[in-house]
Amino acid sequence: MLKIYNSLSRSVQEFVPIEPGKVRMYVCGMTVYDYCHLGHGRVMVVFDMVTRWLKASGYRVTYVRNITDIDDKIIKRAAENGETVRLLTDRFIAAMHEDAHALGVLRPDHEPRATEFVPQMLDLIGRLERNGYAYQAGNRDVCYAVRKFAGYGRLSGKSLEDLRAGERVDIMEGKHDPLDFVLWKHAKPDEPAEVKWDSAWGVGRPGWHIECSAMSSQLLGDHFDIHGGGQDLQFPHHENEIAQSEGAHGGTFVNYWMHNGFVRVDDEKMSKSLGNFFTIRDILKKYDAEVVRFFILRAHYRSPLNYSDGHLDDARAALTRLYTALKGCAMEGAPAQIDWSEAHAQRFKAAMDEDFATPEAVAVLFDLANELNRSKEARLAAQLKGLGGVLGLLQRDPVEFLQAAPVAGSLDDAAIDAQIAARAAAKKARNFAEADRIRDDLKTQGIVLEDSPQGTSWRRG
RNA sequence: GGCGCGAUCGCAUAGUGGCCGUGCAACGGAUUGCAAAUCCGUCUACCCCAGUUCGAUUCUGGGUCGCGCCUCCA
């Protein structure tokens, strides 16, 4: 029985899907004007893990992760670059897909682009206006009247009074209430034609929040199971989505809200605005993508995740242990079939069912590795690989992982094999001094040799 | 200022009212020509102060420190 921490109730709840056997999930994805940083990577990996677990649990999942391809920063960046918005966003969408793929993230079922759903957004704004939630301000922007929506603040645990007290926003003239947010922005004269759409309220473009309400209802319906995203979206973005969707459609919008914790650098949130971010592609120049995925999954999705080279090194050592256990185990090619009645699998399942407790699930993997190292039983190897696969890990050939070059330009395989052969000859001649010299020499180049009765193998360490 | 989250062995990350956590590092042993890998063992942690309890790291209250949201942000 799966349980999920629901941000809405601030508690762990039993998961009951709207439609038996099916799950509809929407996750807020990227605004595409730059490369993904590790924080974006975490969202993608976390909800990929969630999707995989839901599927492993027998649910048919429809997973939507949107792409925001129209917004102030995109327009600004495109203008700076002297390129069109379309060119810029296409480029970074492609880059995002590369990063996601590297991290073992499966493609969502739908990746709607905001610009392709403007009619649906306008329809939604029309409904809101008819229902008395939307009004056109003096500057022609269409705004949402937050005070009209009774449940406003429920998700973020804020009252309008609290928000008012901490008011830090410049009050836009014409808003009925400073907290009202924009549904439709009127076009500015200097903006390019590609960011302008006709509407009943004049030429303009959508506000940020409306796209998620429009696209989710279009692709998943007015009421669906899970809505996810980074913690920073809880307010105001998700709060506003609720106000829009429920204001327009009447019923409940989403049953379970999931928010993943931040990636931090030196105990500070990694973010664009702080400028302390590391892009996924930069990290991948130094670390194997699977190590990065493992690093993310080793922490609970709601906990903060501190990023540093040291922690990645640690994750790499840990993952190496898992792959080392798998090394030399006959897997018979075919994808491992998990025996869910086996003790480790049961523990794994119990952990994952408890709000996706991947740290505990990973601990089970290590226990499995320990037993596998002792017994060398093929069925344990199959369990390890199978359960790892549920997390999107351990699917590579162990030797390939252990020998994967983290950086281009390091010693090539042929050179290593030659050295090993030379060392074998020295050993045969009982010239251990020479054998040790070769081994030490390789060690300084990051190559670790391991002797066994079957001969010498190597890995990068 | 308002609201919320967190403080666990050297580091990291889970978890629990009484006994098991996991990885890395360290130490001892086995193994090895010596190593590495592996196995066995050791190192017995829970911010501070009260309270509840037979018993609290785990529950309650207070404090200290850190972080997040309240503005774009995953």
# chains A, B, ... in the order shown; residues from 1 in each chain; ligands from 1
>>> interface_residues(of="chain B", to="chain A", cutoff="6 Å", atoms="only C-alpha atoms (C1' of nucleotides)", output="PDB file with C-alpha atoms (C1' of nucleotides), in the first residue's frame")
ATOM      1  C1'   G B   2       4.656  36.181   9.119  1.00  0.00           C
ATOM      2  C1'   A B  14      17.847   6.852   6.780  1.00  0.00           C
ATOM      3  C1'   U B  22      23.330   2.089   5.037  1.00  0.00           C
ATOM      4  C1'   G B  23      27.666   4.055   2.224  1.00  0.00           C
ATOM      5  C1'   C B  24      32.475   6.289   2.693  1.00  0.00           C
ATOM      6  C1'   A B  36      43.245  -4.072  -4.393  1.00  0.00           C
ATOM      7  C1'   C B  70       6.502  35.195   1.723  1.00  0.00           C
ATOM      8  C1'   U B  71       9.550  38.387  -5.591  1.00  0.00           C
ATOM      9  C1'   A B  74      12.968  23.050  -9.811  1.00  0.00           C
TER      10        A B  74
END
>>> select_by_dssp(residues="range 69-252 of chain A", states="strand (DSSP E)", output="number ranges by chain")
A: 134-136, 142-144, 181-186, 204-206, 224-230
>>> residues_around(residues="U60 in chain B", least_positions_apart="3", cutoff="12 Å", atoms="only C-alpha atoms (C1' of nucleotides)", output="list of chain:residue names")
B:A50, B:G51, B:U52, B:U53, B:A56
>>> residues_around(residues="range 104-108 of chain A", least_positions_apart="4", cutoff="7 Å", atoms="only C-alpha atoms (C1' of nucleotides)", output="mmCIF file with C-alpha atoms, in the first residue's frame")
data_model
loop_
_atom_site.group_PDB
_atom_site.id
_atom_site.type_symbol
_atom_site.label_atom_id
_atom_site.label_comp_id
_atom_site.auth_asym_id
_atom_site.auth_seq_id
_atom_site.Cartn_x
_atom_site.Cartn_y
_atom_site.Cartn_z
ATOM 1 C CA MET A 44 13.476 15.105 -13.368
ATOM 2 C CA VAL A 45 15.146 12.203 -11.578
ATOM 3 C CA ASP A 48 11.137 9.678 -12.973
ATOM 4 C CA TYR A 63 2.873 11.433 -16.887
ATOM 5 C CA VAL A 64 2.910 15.021 -18.123
ATOM 6 C CA ARG A 65 5.865 17.347 -17.656
ATOM 7 C CA ALA A 100 17.535 14.011 -18.957
ATOM 8 C CA GLY A 392 16.943 3.312 -12.948
#
>>> atom_distance(atom1="CA of Phe117 in chain A", atom2="CA of Ala243 in chain A")
19.0 Å
>>> residues_around(residues="Ser216 in chain A", least_positions_apart="5", cutoff="9 Å", atoms="only C-alpha atoms (C1' of nucleotides)", output="VMD selection string")
chain A and resid 25 to 26 64 66 211 221 to 224
>>> closest_residue(among="A:Glu354, A:Glu377, A:Asp412, A:Glu400", to="G15 in chain B", atoms="only C-alpha atoms (C1' of nucleotides)")
A:Glu354
>>> residues_around(residues="Ala404 in chain A", least_positions_apart="6", cutoff="12 Å", atoms="only C-alpha atoms (C1' of nucleotides)", output="PyMOL selection string")
chain A and resi 286-291+316+320+396-398+410-413+446-447+458-461
>>> residues_around(residues="U64 in chain B", least_positions_apart="4", cutoff="12 Å", atoms="only C-alpha atoms (C1' of nucleotides)", output="list in words")
A7, C47, C48 and C49 of chain B
>>> atom_distance(atom1="CA of Glu116 in chain A", atom2="CA of Met215 in chain A")
9.3 Å
>>> select_by_dssp(residues="range 29-277 of chain A", states="alpha helix (DSSP H)", output="ChimeraX atom specification")
/A:38-56,72-81,85-102,118-130,160-165,210-220,239-249
